[in-house]
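Text of data.txt, listed as compact mmCIF, C-alpha atoms and all ligand atoms:
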# COMPACT_ATOMS: atom_id res chain seq x y z
CA MET H 27 2.65 -23.74 7.25
CA ILE H 28 -0.86 -24.33 8.61
CA ASN H 29 -2.06 -27.88 8.19
CA GLY H 30 -5.70 -28.78 7.64
CA GLU H 31 -7.23 -32.10 6.70
CA LYS H 32 -7.29 -31.54 2.92
CA THR H 33 -5.22 -28.39 2.58
CA ARG H 34 -2.06 -26.66 3.74
CA LEU H 35 -1.71 -22.90 3.97
CA ARG H 36 1.73 -21.46 3.25
CA ALA H 37 3.42 -18.19 2.33
CA ILE H 38 2.90 -16.99 -1.24
CA GLU H 39 6.06 -17.08 -3.36
CA ARG H 40 6.90 -15.00 -6.41
CA GLU H 41 6.76 -18.21 -8.48
CA ASP H 42 3.04 -18.48 -7.65
CA VAL H 43 2.23 -15.21 -9.45
CA PRO H 44 1.65 -16.66 -12.97
CA ARG H 45 -1.00 -19.01 -11.60
CA PHE H 46 -2.84 -16.10 -9.99
CA VAL H 47 -2.77 -14.26 -13.34
CA GLU H 48 -4.26 -17.31 -15.06
CA TRP H 49 -6.98 -17.82 -12.43
CA LEU H 50 -7.99 -14.17 -12.16
CA ASN H 51 -8.29 -13.96 -15.93
CA ASP H 52 -10.77 -16.85 -15.92
CA PRO H 53 -14.13 -15.07 -16.45
CA GLU H 54 -15.99 -17.39 -14.07
CA VAL H 55 -13.52 -16.94 -11.20
CA ALA H 56 -13.36 -13.19 -11.82
CA TYR H 57 -17.18 -12.97 -11.83
CA TYR H 58 -17.51 -14.39 -8.32
CA LEU H 59 -14.84 -11.97 -7.13
CA GLY H 60 -16.55 -9.01 -8.79
CA ARG H 61 -13.53 -8.30 -10.96
CA LEU H 62 -12.96 -7.85 -14.64
CA PRO H 63 -10.75 -10.60 -16.12
CA LEU H 64 -8.18 -8.08 -17.38
CA LEU H 65 -5.23 -8.67 -15.09
CA SER H 66 -1.69 -8.34 -16.37
CA ARG H 67 1.41 -10.07 -15.03
CA ALA H 68 2.68 -6.61 -13.98
CA ASP H 69 -0.53 -5.96 -11.97
CA GLU H 70 -0.10 -9.21 -10.12
CA GLU H 71 3.62 -8.62 -9.50
CA ARG H 72 2.63 -5.30 -7.92
CA TRP H 73 0.00 -7.07 -5.76
CA PHE H 74 2.70 -9.49 -4.62
CA GLU H 75 5.12 -6.68 -3.73
CA GLU H 76 2.64 -4.27 -2.15
CA THR H 77 -0.28 -6.25 -0.71
CA VAL H 78 1.06 -9.71 0.10
CA ARG H 79 3.94 -8.15 2.03
CA ASP H 80 1.78 -5.54 3.74
CA GLU H 81 1.51 -6.12 7.50
CA ARG H 82 -2.17 -5.13 7.45
CA HIS H 83 -2.98 -8.37 5.64
CA ARG H 84 -2.14 -12.05 6.04
CA ILE H 85 -2.52 -13.66 2.64
CA LEU H 86 -1.55 -17.29 2.16
CA ALA H 87 -1.45 -19.83 -0.63
CA ILE H 88 -3.74 -22.86 -0.45
CA ASP H 89 -2.07 -26.13 -1.38
CA THR H 90 -3.66 -29.56 -1.33
CA GLN H 91 -2.09 -32.07 1.02
CA GLU H 92 -0.55 -33.55 -2.14
CA GLY H 93 1.20 -30.25 -2.85
CA ALA H 94 -0.90 -28.78 -5.69
CA HIS H 95 -1.31 -25.01 -5.45
CA ILE H 96 -5.05 -24.36 -5.91
CA GLY H 97 -5.73 -20.87 -4.56
CA SER H 98 -5.28 -18.27 -1.87
CA ILE H 99 -6.92 -17.18 1.34
CA GLY H 100 -6.37 -14.15 3.51
CA LEU H 101 -7.30 -11.96 6.42
CA HIS H 102 -7.49 -8.38 5.21
CA ASN H 103 -7.41 -4.96 6.84
CA LEU H 104 -6.47 -6.33 10.25
CA ASP H 105 -8.00 -4.00 12.80
CA TRP H 106 -6.04 -4.42 16.02
CA LYS H 107 -8.16 -2.04 18.09
CA ASN H 108 -11.34 -4.02 17.48
CA SER H 109 -9.60 -7.38 16.92
CA SER H 110 -11.39 -7.83 13.62
CA ALA H 111 -10.47 -8.75 10.06
CA GLU H 112 -12.11 -9.52 6.72
CA LEU H 113 -11.67 -12.93 5.14
CA GLY H 114 -11.21 -13.43 1.42
CA ILE H 115 -10.72 -16.71 -0.46
CA MET H 116 -10.25 -17.91 -4.01
CA ILE H 117 -9.85 -21.47 -5.15
CA GLY H 118 -8.61 -20.57 -8.60
CA ASP H 119 -8.32 -24.10 -9.98
CA LYS H 120 -11.95 -24.92 -10.75
CA ASN H 121 -11.23 -28.67 -10.73
CA TYR H 122 -11.16 -28.38 -6.94
CA TRP H 123 -14.47 -26.56 -6.43
CA GLY H 124 -17.18 -28.19 -4.36
CA GLN H 125 -15.03 -30.87 -2.71
CA GLY H 126 -14.49 -29.37 0.71
CA TYR H 127 -11.13 -27.67 0.05
CA GLY H 128 -12.58 -24.23 0.72
CA ARG H 129 -14.21 -25.32 3.98
CA ASP H 130 -10.99 -26.92 5.16
CA ALA H 131 -8.83 -23.91 4.29
CA ILE H 132 -11.25 -21.51 5.98
CA ARG H 133 -11.32 -23.61 9.16
CA SER H 134 -7.54 -23.53 9.25
CA LEU H 135 -7.44 -19.78 8.73
CA LEU H 136 -10.07 -19.22 11.44
CA GLY H 137 -7.97 -21.29 13.83
CA PHE H 138 -4.98 -19.11 12.99
CA GLY H 139 -6.94 -15.85 13.21
CA PHE H 140 -8.66 -16.58 16.51
CA GLY H 141 -5.67 -18.42 17.96
CA GLU H 142 -2.37 -16.91 16.82
CA LEU H 143 -3.70 -13.44 16.01
CA ASN H 144 -6.13 -13.38 18.95
CA LEU H 145 -8.95 -11.91 16.83
CA HIS H 146 -12.48 -11.50 18.15
CA ARG H 147 -14.44 -11.25 14.88
CA ILE H 148 -13.87 -12.37 11.31
CA PHE H 149 -16.30 -11.29 8.63
CA LEU H 150 -16.63 -11.53 4.87
CA ARG H 151 -18.63 -10.19 1.99
CA VAL H 152 -20.15 -12.44 -0.68
CA TYR H 153 -22.46 -11.80 -3.63
CA ASP H 154 -25.93 -13.32 -3.50
CA PHE H 155 -25.33 -15.11 -6.82
CA ASN H 156 -22.59 -17.28 -5.30
CA PRO H 157 -24.51 -20.09 -3.52
CA ARG H 158 -21.48 -22.39 -3.40
CA ALA H 159 -19.54 -19.83 -1.39
CA ILE H 160 -22.50 -18.98 0.86
CA ARG H 161 -23.09 -22.66 1.64
CA CYS H 162 -19.39 -23.15 2.33
CA TYR H 163 -19.33 -20.21 4.78
CA GLU H 164 -22.50 -21.41 6.52
CA ASN H 165 -20.93 -24.85 6.91
CA VAL H 166 -17.91 -23.36 8.66
CA GLY H 167 -20.13 -21.44 11.09
CA PHE H 168 -20.47 -17.95 9.62
CA GLN H 169 -23.73 -16.19 10.51
CA HIS H 170 -25.68 -13.97 8.13
CA GLU H 171 -25.29 -10.42 9.43
CA GLY H 172 -26.79 -8.20 6.77
CA VAL H 173 -27.21 -7.19 3.18
CA PHE H 174 -25.80 -4.32 1.17
CA ARG H 175 -28.70 -4.06 -1.26
CA GLU H 176 -27.86 -3.85 -4.99
CA ALA H 177 -24.33 -2.89 -4.06
CA VAL H 178 -22.56 -4.42 -7.02
CA TYR H 179 -23.09 -3.88 -10.73
CA LEU H 180 -22.06 -6.89 -12.79
CA ASN H 181 -23.25 -8.40 -16.07
CA SER H 182 -25.60 -5.51 -16.71
CA GLY H 183 -27.41 -5.84 -13.40
CA TYR H 184 -27.27 -4.90 -9.73
CA HIS H 185 -26.77 -7.60 -7.10
CA ASN H 186 -26.92 -7.79 -3.32
CA GLU H 187 -23.75 -8.18 -1.30
CA LEU H 188 -24.20 -10.27 1.87
CA VAL H 189 -22.18 -9.74 5.04
CA MET H 190 -21.42 -12.82 7.11
CA GLY H 191 -19.38 -13.08 10.30
CA ILE H 192 -18.17 -15.41 12.99
CA LEU H 193 -17.10 -14.54 16.53
CA ARG H 194 -14.30 -16.20 18.41
CA GLY H 195 -16.69 -17.74 20.96
CA GLU H 196 -18.83 -19.20 18.20
CA PHE H 197 -15.81 -20.77 16.55
CA LEU H 198 -14.62 -22.21 19.87
CA ALA H 199 -18.07 -23.62 20.55
CA LEU H 200 -17.97 -25.59 17.30
CA GLY H 201 -15.26 -27.79 18.81
CA ASP H 202 -14.09 -29.11 15.45
CA GLY H 203 -10.55 -29.83 16.48
CA LYS H 204 -9.24 -26.52 15.19
CA LYS H 205 -9.59 -24.61 18.42
CA PRO H 206 -7.14 -21.80 19.01
CA SER H 207 -4.79 -22.37 21.89
CA LYS H 208 -5.83 -19.25 23.86
C1 LIG P 1 -16.19 -20.15 -2.79
C2 LIG P 1 -15.13 -21.23 -2.65
C3 LIG P 1 -13.99 -20.69 -1.81
C4 LIG P 1 -15.76 -22.42 -1.91
O1 LIG P 1 -14.80 -23.43 -1.81
P1 LIG P 1 -15.18 -24.93 -2.25
O2 LIG P 1 -14.07 -25.81 -1.92
O3 LIG P 1 -15.65 -24.88 -3.66
O4 LIG P 1 -16.46 -25.18 -1.30
P2 LIG P 1 -16.77 -26.45 -0.39
O5 LIG P 1 -16.71 -27.67 -1.24
O6 LIG P 1 -15.98 -26.41 0.84
O7 LIG P 1 -18.29 -26.12 0.01
C5 LIG P 1 -19.23 -25.84 -1.01
C6 LIG P 1 -20.63 -26.20 -0.54
O8 LIG P 1 -21.57 -25.65 -1.46
C7 LIG P 1 -22.30 -26.68 -2.06
N1 LIG P 1 -22.50 -26.27 -3.44
C8 LIG P 1 -21.70 -26.42 -4.52
N2 LIG P 1 -22.25 -25.86 -5.60
C9 LIG P 1 -23.41 -25.30 -5.19
C10 LIG P 1 -24.44 -24.58 -5.84
N3 LIG P 1 -24.36 -24.28 -7.15
N4 LIG P 1 -25.50 -24.17 -5.09
C11 LIG P 1 -25.58 -24.44 -3.77
N5 LIG P 1 -24.62 -25.13 -3.10
C12 LIG P 1 -23.57 -25.55 -3.81
C13 LIG P 1 -21.46 -27.93 -1.91
O9 LIG P 1 -22.26 -29.09 -1.99
C14 LIG P 1 -20.88 -27.68 -0.52
O10 LIG P 1 -21.83 -27.89 0.49
P3 LIG P 1 -21.94 -29.30 1.31
O11 LIG P 1 -20.54 -29.57 1.82
O12 LIG P 1 -22.92 -28.98 2.40
O13 LIG P 1 -22.41 -30.31 0.34
C15 LIG P 1 -14.60 -21.69 -4.04
O14 LIG P 1 -15.62 -22.36 -4.73
C16 LIG P 1 -14.08 -20.53 -4.86
O15 LIG P 1 -13.00 -20.05 -4.60
N6 LIG P 1 -14.86 -20.07 -5.87
C17 LIG P 1 -14.41 -19.02 -6.78
C18 LIG P 1 -14.09 -17.68 -6.12
C19 LIG P 1 -15.09 -17.30 -5.08
O16 LIG P 1 -16.28 -17.44 -5.24
N7 LIG P 1 -14.57 -16.77 -3.95
C20 LIG P 1 -15.40 -16.31 -2.85
C21 LIG P 1 -15.85 -14.93 -3.06
S1 LIG P 1 -16.79 -14.33 -1.65
Take the structure from the file and write it as structure tokens.
Ligand SMILES: CC(C)(COP(=O)(O)OP(=O)(O)OC[C@H]1O[C@@H](n2cnc3c(N)ncnc32)[C@H](O)[C@@H]1OP(=O)(O)O)[C@@H](O)C(=O)NCCC(=O)NCCS
Amino acid sequence: MINGEKTRLRAIEREDVPRFVEWLNDPEVAYYLGRLPLLSRADEERWFEETVRDERHRILAIDTQEGAHIGSIGLHNLDWKNSSAELGIMIGDKNYWGQGYGRDAIRSLLGFGFGELNLHRIFLRVYDFNPRAIRCYENVGFQHEGVFREAVYLNSGYHNELVMGILRGEFLALGDGKKPSK
């Protein structure tokens, strides 16, 4: 359990799977993730068995401090040689968008990644039509690193994919009370 101010990060349980199916079949959520909302329960069960338990990733559930499960967050493709990983996040319950839950969960995960996992760099990819996410990442301290131009085809059009990243030293310098111990 990783405690933030508004959220708690915990292990994903099999019982969480139906909520992920519901969220990922919401066209708006799926759109921001660049997915088609065509996910079956069996697909998500497989994701739980194969990806959530895979040592190359650390994927956690996001709960509110009151105990409502609202999404997931993870560090993917952990690269131990370069001490780097890619962050992904979904607040699937749209009632919780835009209220600081994402920022809080990301701060907690960065503290875990730079502290417990001793990472040096955490990066992410985000579509240019997702200003809420971009603003959230900027608020946490991610820097804009580059653009994959017209890299994604969605809704009959091509869109840019932005790369953003934060280094361990930059996170430490923020001094927001979530400093890693090392
Ligand atoms: C992206 C996501 C994780 C952000 O979490 P969140 O809790 O909604 O975001 P926060 O409230 O922490 O921060 C959002 C910021 O964007 C701002 N914002 C909200 N809607 C906005 C909009 N349409 N345009 C610009 N800024 C917007 C908010 O005001 C806030 O900034 P502020 O704190 O400076 O006022 C969440 O919305 C989500 O999971 N969305 C669906 C899936 C998704 O997009 N995942 C990310 C894929 S890269």
May I have the residues within 7 Å of ligand LIG 1 (chain P), computed using all atoms listed in the file, as a PDB file with C-alpha atoms, keeping the file's coordinate frame?
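Full text of pocket.pdb as output:
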ATOM      1  CA  VAL H  55     -13.520 -16.940 -11.200  1.00  0.00           C
ATOM      2  CA  TYR H  58     -17.510 -14.390  -8.320  1.00  0.00           C
ATOM      3  CA  LEU H  59     -14.840 -11.970  -7.130  1.00  0.00           C
ATOM      4  CA  GLY H 114     -11.210 -13.430   1.420  1.00  0.00           C
ATOM      5  CA  ILE H 115     -10.720 -16.710  -0.460  1.00  0.00           C
ATOM      6  CA  MET H 116     -10.250 -17.910  -4.010  1.00  0.00           C
ATOM      7  CA  ILE H 117      -9.850 -21.470  -5.150  1.00  0.00           C
ATOM      8  CA  GLY H 118      -8.610 -20.570  -8.600  1.00  0.00           C
ATOM      9  CA  TYR H 122     -11.160 -28.380  -6.940  1.00  0.00           C
ATOM     10  CA  TRP H 123     -14.470 -26.560  -6.430  1.00  0.00           C
ATOM     11  CA  GLY H 124     -17.180 -28.190  -4.360  1.00  0.00           C
ATOM     12  CA  GLN H 125     -15.030 -30.870  -2.710  1.00  0.00           C
ATOM     13  CA  GLY H 126     -14.490 -29.370   0.710  1.00  0.00           C
ATOM     14  CA  TYR H 127     -11.130 -27.670   0.050  1.00  0.00           C
ATOM     15  CA  GLY H 128     -12.580 -24.230   0.720  1.00  0.00           C
ATOM     16  CA  ARG H 129     -14.210 -25.320   3.980  1.00  0.00           C
ATOM     17  CA  ASP H 130     -10.990 -26.920   5.160  1.00  0.00           C
ATOM     18  CA  ARG H 151     -18.630 -10.190   1.990  1.00  0.00           C
ATOM     19  CA  VAL H 152     -20.150 -12.440  -0.680  1.00  0.00           C
ATOM     20  CA  TYR H 153     -22.460 -11.800  -3.630  1.00  0.00           C
ATOM     21  CA  ASN H 156     -22.590 -17.280  -5.300  1.00  0.00           C
ATOM     22  CA  PRO H 157     -24.510 -20.090  -3.520  1.00  0.00           C
ATOM     23  CA  ARG H 158     -21.480 -22.390  -3.400  1.00  0.00           C
ATOM     24  CA  ALA H 159     -19.540 -19.830  -1.390  1.00  0.00           C
ATOM     25  CA  ARG H 161     -23.090 -22.660   1.640  1.00  0.00           C
ATOM     26  CA  CYS H 162     -19.390 -23.150   2.330  1.00  0.00           C
ATOM     27  CA  ASN H 165     -20.930 -24.850   6.910  1.00  0.00           C
TER      28      ASN H 165
END
Identify the residues around (-30.0, -10.2, -2.6) within a radius of 7 Å, measuring from all atoms listed in the file in the coordinates stated by the file, and give them as a PDB file with C-alpha atoms, keeping the file's coordinate frame.
ATOM      1  CA  ASP H 154     -25.930 -13.320  -3.500  1.00  0.00           C
ATOM      2  CA  ARG H 175     -28.700  -4.060  -1.260  1.00  0.00           C
ATOM      3  CA  HIS H 185     -26.770  -7.600  -7.100  1.00  0.00           C
ATOM      4  CA  ASN H 186     -26.920  -7.790  -3.320  1.00  0.00           C
ATOM      5  CA  GLU H 187     -23.750  -8.180  -1.300  1.00  0.00           C
TER       6      GLU H 187
END
* Of the listed residues H:Ala177, H:Leu35, H:Ile148, H:Leu64, that which approaches Ser109 of chain H most closely, counting only C-alpha atoms ->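 Among the listed residues, the smallest separation from Ser109 of chain H belongs to H:Ile148.
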* Of the listed residues H:Pro63, H:Gly191, H:Gly97, H:Gly167, that which approaches Arg45 of chain H most closely, counting only C-alpha atoms ->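 Counting only C-alpha atoms, the residue closest to Arg45 of chain H is H:Gly97.
Ranking H:Leu104, H:Leu193, H:Met27, H:Ile96 by their shortest atom-to-atom distance to Leu136 of chain H, with only C-alpha atoms included, puts H:Leu193 first.
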* **Non-local contacts of Ser134 of chain H (8 Å; all atoms listed in the file; under 4 positions in same chain excluded) as a VMD selection string** => chain H and resid 28 to 30 35 130 138 204
* For the atom pair atom CA of Phe168 of chain H and atom CA of Ile192 of chain H, what is the interatomic distance in Å to one decimal place? -> 4.8 Å
If you count only C-alpha atoms, which residues fall within 9 Å of Tyr57 of chain H, apart from same-chain ones fewer than 5 positions away, as a PDB file with C-alpha atoms, in the coordinates of the input?
ATOM      1  CA  ASP H  52     -10.770 -16.850 -15.920  1.00  0.00           C
ATOM      2  CA  LEU H  62     -12.960  -7.850 -14.640  1.00  0.00           C
ATOM      3  CA  PRO H  63     -10.750 -10.600 -16.120  1.00  0.00           C
ATOM      4  CA  LEU H 180     -22.060  -6.890 -12.790  1.00  0.00           C
ATOM      5  CA  ASN H 181     -23.250  -8.400 -16.070  1.00  0.00           C
TER       6      ASN H 181
END
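Shell of Leu150 of chain H at 12 Å, with all atoms listed in the file counted and residues fewer than 4 places along the chain excluded, is Ile99, Gly100, Leu101, His102, Asn103, Ser110, Ala111, Glu112, Leu113, Gly114, Ile115, Ile132, Ala159, Ile160, Tyr163, Glu164, Phe168, Gln169, His170, Glu171, Gly172, Val173, Glu187, Leu188, Val189, Met190, Gly191 and Ile192 of chain H.
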* Asked: Could you name the residues that touch Val47 of chain H at 7 Å or less, counting all atoms listed in the file, but leaving out those on the same chain fewer than 2 positions away, as a list in words?
  -> Val43, Pro44, Arg45, Trp49, Leu50, Asn51, Leu65, Ser66, Arg67 and Glu70 of chain H
* To do: Please indicate the distance in Å from atom CA of Arg82 of chain H to atom CA of Arg36 of chain H, rounded to one decimal place.
  =>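 Separation of atom CA of Arg82 of chain H and atom CA of Arg36 of chain H: 17.3 Å.
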* **H:Ala94, H:Leu198, H:Ser182, H:Ile88 ranked by distance to Gly139 of chain H, top pick (using only C-alpha atoms)** =>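 Comparing H:Ala94, H:Leu198, H:Ser182, H:Ile88 against Gly139 of chain H, the winner is H:Leu198.
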* **Spatial neighbours of Glu92 of chain H, 10 Å, all atoms listed in the file, chain gap at least 5 places, as an MDAnalysis selection string** => chainID H and resid 32:34
* Which residue, H:His83, H:His95, H:Lys107, H:Arg61, has the smallest gap to Phe46 of chain H when you use all atoms listed in the file? ->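 Between H:His83, H:His95, H:Lys107, H:Arg61, the residue approaching Phe46 of chain H most closely is H:His95.
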